[in-house]
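The next block is model_1.txt, given as compact mmCIF, C-alpha atoms.
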# COMPACT_ATOMS: atom_id res chain seq x y z
CA MET L 54 -0.06 2.97 -1.78
CA LEU L 55 2.48 5.64 -0.93
CA LEU L 56 -0.01 8.30 -1.96
CA LEU L 57 -1.89 7.54 1.26
CA VAL L 58 0.99 7.89 3.70
CA GLU L 59 -0.32 11.20 4.99
CA LEU L 60 -3.61 9.60 6.04
CA THR L 61 -1.81 6.71 7.66
CA LEU L 62 0.31 9.00 9.80
CA THR L 63 -2.69 11.09 10.74
CA LEU L 64 -4.76 8.14 11.89
CA VAL L 65 -1.96 6.43 13.78
CA SER L 66 -0.96 9.51 15.70
CA PRO L 67 -3.73 11.24 17.65
CA SER L 68 -1.15 13.83 18.60
CA ALA L 69 -0.63 14.95 14.99
CA PRO L 70 -0.04 18.70 14.62
CA HIS L 71 -3.04 20.59 15.93
CA ARG L 72 -3.92 23.14 13.26
CA HIS L 73 -7.30 24.49 14.26
CA VAL L 74 -9.85 23.91 16.98
CA THR L 75 -13.18 25.67 16.74
CA THR L 76 -16.80 25.59 17.81
CA PRO L 77 -19.26 23.85 15.49
CA ARG L 78 -21.00 27.02 14.28
CA ALA L 79 -17.70 28.74 13.54
CA ALA L 80 -16.53 25.62 11.73
CA VAL L 81 -19.52 25.69 9.41
CA GLN L 82 -19.14 29.43 8.79
CA MET L 83 -15.43 29.11 8.01
CA SER L 84 -15.91 26.16 5.64
CA SER L 85 -17.37 25.93 2.18
CA GLY L 86 -18.34 23.29 -0.34
CA ALA L 87 -17.54 19.74 0.73
CA ASP L 88 -16.17 20.90 4.11
CA ALA L 89 -19.36 22.70 5.01
CA ASP L 90 -21.58 19.89 3.71
CA SER L 91 -19.75 17.27 5.76
CA LEU L 92 -20.09 19.36 8.94
CA LYS L 93 -23.77 19.99 8.31
CA TRP L 94 -24.38 16.29 7.80
CA ILE L 95 -22.55 15.43 11.03
CA GLU L 96 -24.55 17.92 13.07
CA LYS L 97 -27.84 16.78 11.57
CA GLU L 98 -27.30 13.02 11.71
CA ILE L 99 -24.76 12.43 14.50
CA GLY L 100 -24.82 15.33 16.93
CA ALA L 101 -23.44 18.74 17.77
CA ILE L 102 -19.75 19.19 17.02
CA VAL L 103 -17.87 20.27 20.12
CA LYS L 104 -14.34 20.24 18.69
CA SER L 105 -12.73 20.16 15.25
CA GLN L 106 -9.10 19.54 14.37
CA ARG L 107 -7.41 19.86 10.99
CA MET L 108 -5.10 16.91 10.42
CA GLY L 109 -3.18 17.58 7.23
CA GLY L 110 -3.87 15.98 3.88
CA SER L 111 -2.52 14.87 0.54
CA GLY L 112 -2.19 16.71 -2.75
CA TRP L 113 -5.89 16.32 -3.46
CA ALA L 114 -7.66 15.76 -0.12
CA SER L 115 -7.81 17.33 3.34
CA PHE L 116 -8.29 15.42 6.60
CA SER L 117 -9.98 16.48 9.81
CA ARG L 118 -11.15 15.02 13.11
CA HIS L 119 -14.44 16.06 14.67
CA THR L 120 -15.70 15.35 18.17
CA THR L 121 -19.46 15.34 18.66
CA THR L 122 -21.58 14.73 21.74
CA GLU L 123 -21.99 11.15 20.48
CA ARG L 124 -18.72 9.99 18.88
CA GLU L 125 -15.43 10.88 17.19
CA LEU L 126 -15.34 11.14 13.41
CA PHE L 127 -12.71 11.32 10.70
CA VAL L 128 -13.52 13.30 7.55
CA LYS L 129 -11.77 13.54 4.21
CA THR L 130 -12.76 16.24 1.73
CA SER L 131 -11.61 17.02 -1.79
CA SER L 132 -12.20 19.45 -4.62
CA ARG L 133 -12.60 16.40 -6.87
CA ASN L 134 -15.94 14.67 -7.30
CA LEU L 135 -17.02 11.56 -5.44
CA GLU L 136 -16.43 9.12 -8.29
CA GLN L 137 -12.85 10.34 -8.70
CA MET L 138 -12.04 10.35 -4.99
CA PHE L 139 -13.97 8.49 -2.34
CA TYR L 140 -16.57 6.24 -3.97
CA GLY L 141 -14.31 3.23 -4.49
CA GLU L 142 -12.71 3.66 -1.06
CA ALA L 143 -16.10 3.84 0.66
CA LEU L 144 -17.47 0.75 -1.04
CA GLY L 145 -14.24 -1.13 -0.38
CA LEU L 146 -14.26 -0.32 3.32
CA ARG L 147 -17.89 -1.36 3.55
CA ALA L 148 -17.24 -4.64 1.73
CA MET L 149 -14.50 -5.56 4.20
CA HIS L 150 -16.45 -4.23 7.18
CA ALA L 151 -19.39 -6.46 6.23
CA THR L 152 -17.32 -9.59 6.92
CA GLY L 153 -17.22 -8.78 10.64
CA THR L 154 -13.77 -10.34 10.92
CA ILE L 155 -11.11 -7.63 11.24
CA ARG L 156 -11.39 -4.02 12.41
CA ILE L 157 -12.24 -1.72 9.50
CA PRO L 158 -13.18 1.97 9.80
CA GLU L 159 -16.95 2.22 9.59
CA VAL L 160 -18.07 4.47 6.73
CA LEU L 161 -21.02 6.64 7.73
CA LYS L 162 -21.49 8.94 4.74
CA PHE L 163 -19.97 9.77 1.36
CA ALA L 164 -21.30 12.26 -1.15
CA ASP L 165 -20.65 15.02 -3.62
CA SER L 166 -21.05 18.52 -2.24
CA GLU L 167 -24.37 20.18 -2.93
CA SER L 168 -22.61 22.97 -4.79
CA GLY L 169 -20.78 20.52 -7.03
CA SER L 170 -17.44 21.87 -5.82
CA GLY L 171 -16.05 18.66 -4.34
CA SER L 172 -16.84 15.57 -2.29
CA TYR L 173 -16.40 14.10 1.18
CA ILE L 174 -16.39 10.89 3.18
CA VAL L 175 -17.23 10.59 6.88
CA MET L 176 -16.05 7.60 8.89
CA GLU L 177 -15.44 6.68 12.50
CA TYR L 178 -12.22 8.03 13.98
CA LEU L 179 -9.92 5.22 15.09
CA ASP L 180 -7.15 5.69 17.63
CA LEU L 181 -4.60 3.56 15.83
CA GLY L 182 -1.57 2.08 17.51
CA ARG L 183 1.16 -0.29 16.50
CA ARG L 184 0.32 -3.66 15.03
CA ALA L 185 -1.56 -6.25 17.04
CA ASP L 186 -0.28 -9.76 17.75
CA LYS L 187 0.88 -11.04 14.36
CA ARG L 188 -0.61 -14.51 14.72
CA THR L 189 -3.98 -12.95 15.53
CA PHE L 190 -3.61 -10.64 12.55
CA GLY L 191 -2.97 -13.65 10.30
CA ARG L 192 -6.09 -15.41 11.56
CA ARG L 193 -8.23 -12.31 11.08
CA MET L 194 -7.05 -11.93 7.48
CA ALA L 195 -7.83 -15.59 6.81
CA GLU L 196 -11.28 -15.14 8.34
CA MET L 197 -11.88 -12.15 6.08
CA HIS L 198 -10.82 -14.12 3.00
CA LEU L 199 -13.10 -17.02 3.98
CA ALA L 200 -16.13 -14.83 4.70
CA THR L 201 -19.16 -14.97 2.44
CA PRO L 202 -18.91 -12.01 0.01
CA SER L 203 -21.48 -9.26 0.41
CA ALA L 204 -21.68 -8.73 -3.38
CA ALA L 205 -24.15 -11.03 -5.13
CA GLU L 206 -21.83 -11.31 -8.15
CA ALA L 207 -19.01 -12.61 -5.97
CA ARG L 208 -21.34 -15.05 -4.23
CA ASP L 209 -22.14 -16.34 -7.72
CA GLY L 210 -18.44 -16.96 -8.34
CA LYS L 211 -17.50 -13.83 -10.26
CA PHE L 212 -14.35 -11.76 -9.77
CA GLY L 213 -14.20 -7.95 -9.76
CA PHE L 214 -15.98 -5.14 -7.96
CA ASP L 215 -18.92 -2.78 -8.39
CA VAL L 216 -16.77 0.17 -9.48
CA THR L 217 -13.41 1.04 -10.93
CA ASN L 218 -11.21 2.17 -8.05
CA THR L 219 -7.53 3.08 -7.78
CA ILE L 220 -4.32 1.37 -6.74
CA GLY L 221 -2.27 4.31 -5.55
CA GLY L 222 -3.06 6.84 -8.25
CA THR L 223 -3.58 4.28 -11.02
CA PRO L 224 -7.11 3.39 -12.15
CA GLN L 225 -7.92 -0.23 -11.31
CA PRO L 226 -10.60 -1.73 -13.60
CA ASN L 227 -12.92 -4.24 -11.94
CA ALA L 228 -15.46 -5.42 -14.53
CA TRP L 229 -17.06 -8.63 -13.26
CA CYS L 230 -15.62 -11.80 -14.83
CA ASP L 231 -16.40 -15.52 -14.38
CA ASP L 232 -12.78 -16.53 -14.98
CA TRP L 233 -10.09 -15.49 -12.46
CA VAL L 234 -7.17 -16.15 -14.80
CA GLN L 235 -8.77 -14.03 -17.52
CA PHE L 236 -9.60 -11.32 -15.01
CA PHE L 237 -6.06 -11.10 -13.67
CA ARG L 238 -4.45 -11.40 -17.08
CA GLU L 239 -6.50 -8.63 -18.68
CA GLN L 240 -7.62 -6.29 -15.90
CA ARG L 241 -4.55 -6.48 -13.69
CA ILE L 242 -1.26 -7.27 -15.46
CA GLY L 243 -2.54 -6.47 -18.96
CA HIS L 244 -3.91 -3.12 -17.80
CA GLN L 245 -0.60 -2.17 -16.18
CA ILE L 246 1.36 -3.20 -19.29
CA ARG L 247 -0.92 -1.10 -21.49
CA THR L 248 -0.62 1.83 -19.09
CA ALA L 249 3.19 1.63 -19.13
CA GLY L 250 3.35 1.70 -22.93
CA ASP L 251 6.82 0.14 -22.87
CA GLN L 252 7.74 -2.12 -25.79
CA LYS L 253 10.22 -4.24 -23.80
CA LEU L 254 7.62 -4.88 -21.12
CA ARG L 255 5.08 -5.90 -23.76
CA GLU L 256 7.55 -8.29 -25.37
CA GLU L 257 8.51 -9.86 -22.05
CA TRP L 258 4.84 -10.20 -21.04
CA THR L 259 4.12 -11.97 -24.35
CA GLN L 260 6.85 -14.46 -23.49
CA VAL L 261 5.30 -15.03 -20.05
CA LEU L 262 1.94 -15.79 -21.63
CA GLU L 263 3.54 -18.19 -24.11
CA ALA L 264 5.48 -19.99 -21.36
CA THR L 265 2.47 -20.36 -19.04
CA ASP L 266 -0.41 -21.10 -21.44
CA ASP L 267 -1.80 -17.61 -20.89
CA LEU L 268 -1.13 -18.02 -17.13
CA ARG L 269 -3.35 -21.11 -16.83
CA ALA L 270 -0.41 -23.42 -16.16
CA LEU L 271 0.18 -21.50 -12.91
CA PHE L 272 -3.26 -22.48 -11.61
CA GLU L 273 -3.38 -26.19 -12.47
CA GLY L 274 -5.10 -28.13 -9.70
CA VAL L 275 -6.08 -24.96 -7.78
CA GLU L 276 -9.67 -24.01 -7.06
CA VAL L 277 -10.04 -20.23 -6.99
CA LYS L 278 -13.02 -18.68 -5.24
CA PRO L 279 -13.78 -14.96 -4.84
CA SER L 280 -12.58 -13.49 -1.54
CA VAL L 281 -12.93 -9.89 -0.48
CA LEU L 282 -9.42 -8.42 -0.70
CA HIS L 283 -7.94 -5.30 0.81
CA GLY L 284 -5.97 -5.09 -2.42
CA ASP L 285 -3.09 -2.85 -1.28
CA LEU L 286 -1.91 -4.40 1.95
CA TRP L 287 1.43 -2.87 2.91
CA SER L 288 2.82 -1.80 6.27
CA GLY L 289 1.36 1.72 6.08
CA ASN L 290 -2.19 0.33 5.90
CA ILE L 291 -1.89 -2.00 8.91
CA ALA L 292 -2.33 -1.02 12.56
CA SER L 293 -4.30 -1.96 15.67
CA VAL L 294 -7.23 -0.55 17.62
CA GLY L 295 -7.44 -1.53 21.26
CA GLY L 296 -5.04 -4.38 20.58
CA GLU L 297 -7.12 -5.73 17.69
CA PRO L 298 -5.77 -5.83 14.10
CA CYS L 299 -7.01 -3.09 11.80
CA ILE L 300 -6.55 -2.41 8.07
CA PHE L 301 -7.58 0.64 6.03
CA ASP L 302 -6.96 2.62 2.81
CA PRO L 303 -7.96 -0.25 0.51
CA ALA L 304 -8.04 -0.97 -3.21
CA THR L 305 -10.72 -3.59 -2.67
CA TYR L 306 -12.07 -6.17 -5.10
CA TYR L 307 -13.15 -9.82 -5.02
CA GLY L 308 -10.35 -12.10 -6.14
CA HIS L 309 -8.08 -15.04 -5.36
CA HIS L 310 -7.03 -14.84 -1.72
CA GLU L 311 -3.38 -15.30 -2.72
CA ALA L 312 -3.47 -12.05 -4.67
CA GLU L 313 -3.59 -10.24 -1.32
CA TRP L 314 0.09 -10.99 -0.83
CA GLY L 315 1.44 -9.19 -3.87
CA MET L 316 2.61 -6.41 -1.56
CA SER L 317 4.28 -8.71 0.98
CA TRP L 318 7.67 -7.31 0.00
CA CYS L 319 6.82 -4.16 1.96
CA ALA L 320 4.31 -5.49 4.51
CA SER L 321 6.66 -7.09 7.08
CA LEU L 322 4.26 -9.95 7.82
CA GLY L 323 6.66 -12.47 9.37
CA PRO L 324 6.41 -16.17 10.37
CA ASP L 325 3.93 -15.61 13.21
CA PHE L 326 1.51 -13.95 10.81
CA TRP L 327 1.76 -16.84 8.37
CA ALA L 328 1.32 -19.39 11.13
CA GLY L 329 -1.97 -17.74 12.08
CA TYR L 330 -3.12 -17.43 8.47
CA ARG L 331 -2.24 -21.02 7.56
CA GLU L 332 -4.21 -22.36 10.51
CA LEU L 333 -7.31 -21.54 8.47
CA ILE L 334 -6.09 -21.37 4.86
CA PRO L 335 -3.40 -23.94 4.02
CA LYS L 336 -0.87 -23.16 1.31
CA ASP L 337 -1.87 -24.48 -2.12
CA LYS L 338 0.58 -26.17 -4.44
CA GLY L 339 2.38 -23.69 -6.66
CA PHE L 340 1.84 -20.74 -4.32
CA GLU L 341 5.44 -19.54 -4.60
CA LYS L 342 5.22 -19.12 -8.37
CA ARG L 343 1.83 -17.41 -8.26
CA GLU L 344 3.25 -15.13 -5.58
CA VAL L 345 5.72 -13.89 -8.20
CA LEU L 346 2.81 -13.16 -10.54
CA TYR L 347 0.91 -11.23 -7.86
CA GLU L 348 4.00 -9.24 -6.92
CA LEU L 349 4.46 -8.39 -10.59
CA TYR L 350 1.15 -6.53 -10.60
CA HIS L 351 2.26 -4.20 -7.83
CA LYS L 352 5.77 -3.73 -9.19
CA LEU L 353 4.31 -2.74 -12.55
CA ASN L 354 2.00 -0.32 -10.78
CA HIS L 355 4.95 1.17 -8.92
CA TYR L 356 6.74 1.60 -12.23
CA ASN L 357 3.71 3.41 -13.64
CA LEU L 358 3.57 5.63 -10.56
CA PHE L 359 7.24 6.24 -9.81
CA GLY L 360 9.35 4.88 -12.68
CA GLY L 361 12.97 4.08 -11.90
CA GLY L 362 14.13 0.66 -10.78
CA TYR L 363 10.63 -0.82 -10.71
CA LEU L 364 11.00 -1.42 -14.45
CA TYR L 365 13.93 -3.75 -13.81
CA ASP L 366 12.12 -5.42 -10.93
CA SER L 367 9.15 -6.08 -13.20
CA MET L 368 11.33 -7.44 -15.99
CA GLY L 369 13.10 -9.71 -13.51
CA LEU L 370 9.84 -11.11 -12.18
CA MET L 371 8.60 -11.84 -15.71
CA LYS L 372 11.84 -13.61 -16.58
CA GLN L 373 11.42 -15.68 -13.43
CA LEU L 374 7.91 -16.70 -14.51
CA CYS L 375 9.28 -17.77 -17.88
CA ARG L 376 12.18 -19.67 -16.35
CA ASP L 377 10.63 -21.63 -13.49

Hey, can you dump this file as structure tokens for me?
Amino acid sequence: MLLLVELTLTLVSPSAPHRHVTTPRAAVQMSSGADADSLKWIEKEIGAIVKSQRMGGSGWASFSRHTTTERELFVKTSSRNLEQMFYGEALGLRAMHATGTIRIPEVLKFADSESGSGSYIVMEYLDLGRRADKRTFGRRMAEMHLATPSAAEARDGKFGFDVTNTIGGTPQPNAWCDDWVQFFREQRIGHQIRTAGDQKLREEWTQVLEATDDLRALFEGVEVKPSVLHGDLWSGNIASVGGEPCIFDPATYYGHHEAEWGMSWCASLGPDFWAGYRELIPKDKGFEKREVLYELYHKLNHYNLFGGGYLYDSMGLMKQLCRD
């Protein structure tokens, strides 16, 4: 989540610090590896580059904006290979984009560099502004969750995704599973508990499982169907394009639509958002308790990423699940 702040700021602000503008031929000559390959692909498949602008980056990727005779593009490059960096992001963006419900950056190309020295992803450049109307945003998210999944496995009722991706910097396993409760217990909370390696967390999690019949008591009377999820929906991944809601930087998989709201504590959704969402997807019985479970996943991930008080937050949420 927070590992993608730099990209968020870059996309939202077209006036981000201007580091370098160059002609297309000079850009290719001055670049190497993934940078050069991405520029060559753009010129071959999209059109001549008339302007390039460096737009910062993270600890492991660089961002740039390129203007061609046809369109504006946003490129991320890395010294890491495609599987480590952009593969999961690209497939996630495409899975959400396929629903045709909410604005998602269109992914045009993603690949390893020909030299084997890195990877890149090319997508449309979006001039992001502040959030759109919150009620509209809520409806668009509900429409996305109700859309027919593009993955055949999800259409058959399975939960997961085609590849392991990341949630922040933490690997997120997504092996397909017929059973949502099993999937979330083992590949979400269980994975985070194992990653943490903390005995007190393991003991508390065992108590949660004992108190909830391995979580199944939390889902009594609820029909769970696979929905395409953004997977990491916080305020830094929400914006607007031309007044329309837009989301980006996902940790996508197919899961219970309620799991989308595990990051609500830092998403600032508000009553208007929920009014729009509930127009299409009414609240199921027991939502408030499952919301605690879904928040627990992200709090555990934050503990694994940042440590500190997230341990106590996670312990508190597990005690709440045992108590209620």

Close residues, L:Thr120 itself excluded, 8 Å, all atoms listed in the file, min 2 positions apart in chain, as a list in words = Ile102, Val103, Lys104, Ser105, Arg118, Thr122, Glu123, Arg124, Glu125 and Leu126 of chain L

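For the pair atom CA of L:Gly329 and atom CA of L:Phe190, the separation is 7.3 Å.
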
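Here atom CA of L:Glu257 stands at a distance of 18.4 Å from atom CA of L:Val234.
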
(Q) Env of L:Val175: 8 Å cut, atoms = only C-alpha atoms, seq-sep filter 4 positions within chain, self excluded. Answer as a list of chain:residue names. (A) L:Ser91, L:Leu126, L:Phe127, L:Val128, L:Lys129, L:Val160, L:Leu161, L:Lys162, L:Phe163

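Within the 12 Å cut-off around L:Lys278, using all atoms listed in the file and omitting residues fewer than 5 positions from it on the same chain, the listed residues are L:His198, L:Leu199, L:Ala200, L:Thr201, L:Pro202, L:Glu206, L:Ala207, L:Arg208, L:Asp209, L:Gly210, L:Lys211, L:Phe212, L:Gly213, L:Asp231, L:Asp232, L:Trp233, L:Val234, L:Tyr307, L:Gly308, L:His309, L:His310, L:Glu311, L:Ala312.
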
Using C-alpha atoms, can you export the residues from the last selection as a tab-separated table (two decimals), in the coordinates of the input?
chain	number	residue	atom	x	y	z
L	198	HIS	CA	-10.82	-14.12	3.00
L	199	LEU	CA	-13.10	-17.02	3.98
L	200	ALA	CA	-16.13	-14.83	4.70
L	201	THR	CA	-19.16	-14.97	2.44
L	202	PRO	CA	-18.91	-12.01	0.01
L	206	GLU	CA	-21.83	-11.31	-8.15
L	207	ALA	CA	-19.01	-12.61	-5.97
L	208	ARG	CA	-21.34	-15.05	-4.23
L	209	ASP	CA	-22.14	-16.34	-7.72
L	210	GLY	CA	-18.44	-16.96	-8.34
L	211	LYS	CA	-17.50	-13.83	-10.26
L	212	PHE	CA	-14.35	-11.76	-9.77
L	213	GLY	CA	-14.20	-7.95	-9.76
L	231	ASP	CA	-16.40	-15.52	-14.38
L	232	ASP	CA	-12.78	-16.53	-14.98
L	233	TRP	CA	-10.09	-15.49	-12.46
L	234	VAL	CA	-7.17	-16.15	-14.80
L	307	TYR	CA	-13.15	-9.82	-5.02
L	308	GLY	CA	-10.35	-12.10	-6.14
L	309	HIS	CA	-8.08	-15.04	-5.36
L	310	HIS	CA	-7.03	-14.84	-1.72
L	311	GLU	CA	-3.38	-15.30	-2.72
L	312	ALA	CA	-3.47	-12.05	-4.67

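At a cut-off of 12 Å from (5.5, -3.2, -22.9), the residue set is Ile242, Gly243, His244, Gln245, Ile246, Arg247, Thr248, Ala249, Gly250, Asp251, Gln252, Lys253, Leu254, Arg255, Glu256, Glu257, Trp258, Thr259, Gln260, Leu353, Tyr356, Asn357, Leu364, Ser367, Met368 and Met371 of chain L (counting all atoms listed in the file).
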
Residue with the minimum atom-to-atom distance to L:Gly339, picked from L:Ala148, L:Val275, L:Ala164, L:Ala204 with only C-alpha atoms counted, is L:Val275

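The space between atom CA of L:Ser168 and atom CA of L:Gly86 spans 6.2 Å.
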
Can you pull out every residue within 12 Å of L:Asp285, counting all atoms listed in the file, but drop anything in the same chain fewer than 4 positions away, and send it as number ranges by chain?
L: 54-57, 142, 145, 218-222, 225, 289-291, 300-306, 312-320, 347-348, 350-352, 354-355

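Closest approach to L:Ala270 among L:Leu374, L:Ala89, L:Met138, L:Ile99 is made by L:Leu374 (distances from only C-alpha atoms).
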
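With distances restricted to all atoms listed in the file, L:Glu297 is the closest residue to L:Arg156 from L:Asp88, L:Glu263, L:Glu297, L:Glu177.
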
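You can rank L:Trp327, L:Cys230, L:Gly274, L:Ser280 by their closest distance to L:Thr152 using all atoms listed in the file, and at the top of that list sits L:Ser280.
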
Using all atoms listed in the file, the shortest atom-to-atom distance to L:Pro224 among L:Leu346, L:Glu136, L:Gly169, L:Asp90 belongs to L:Glu136
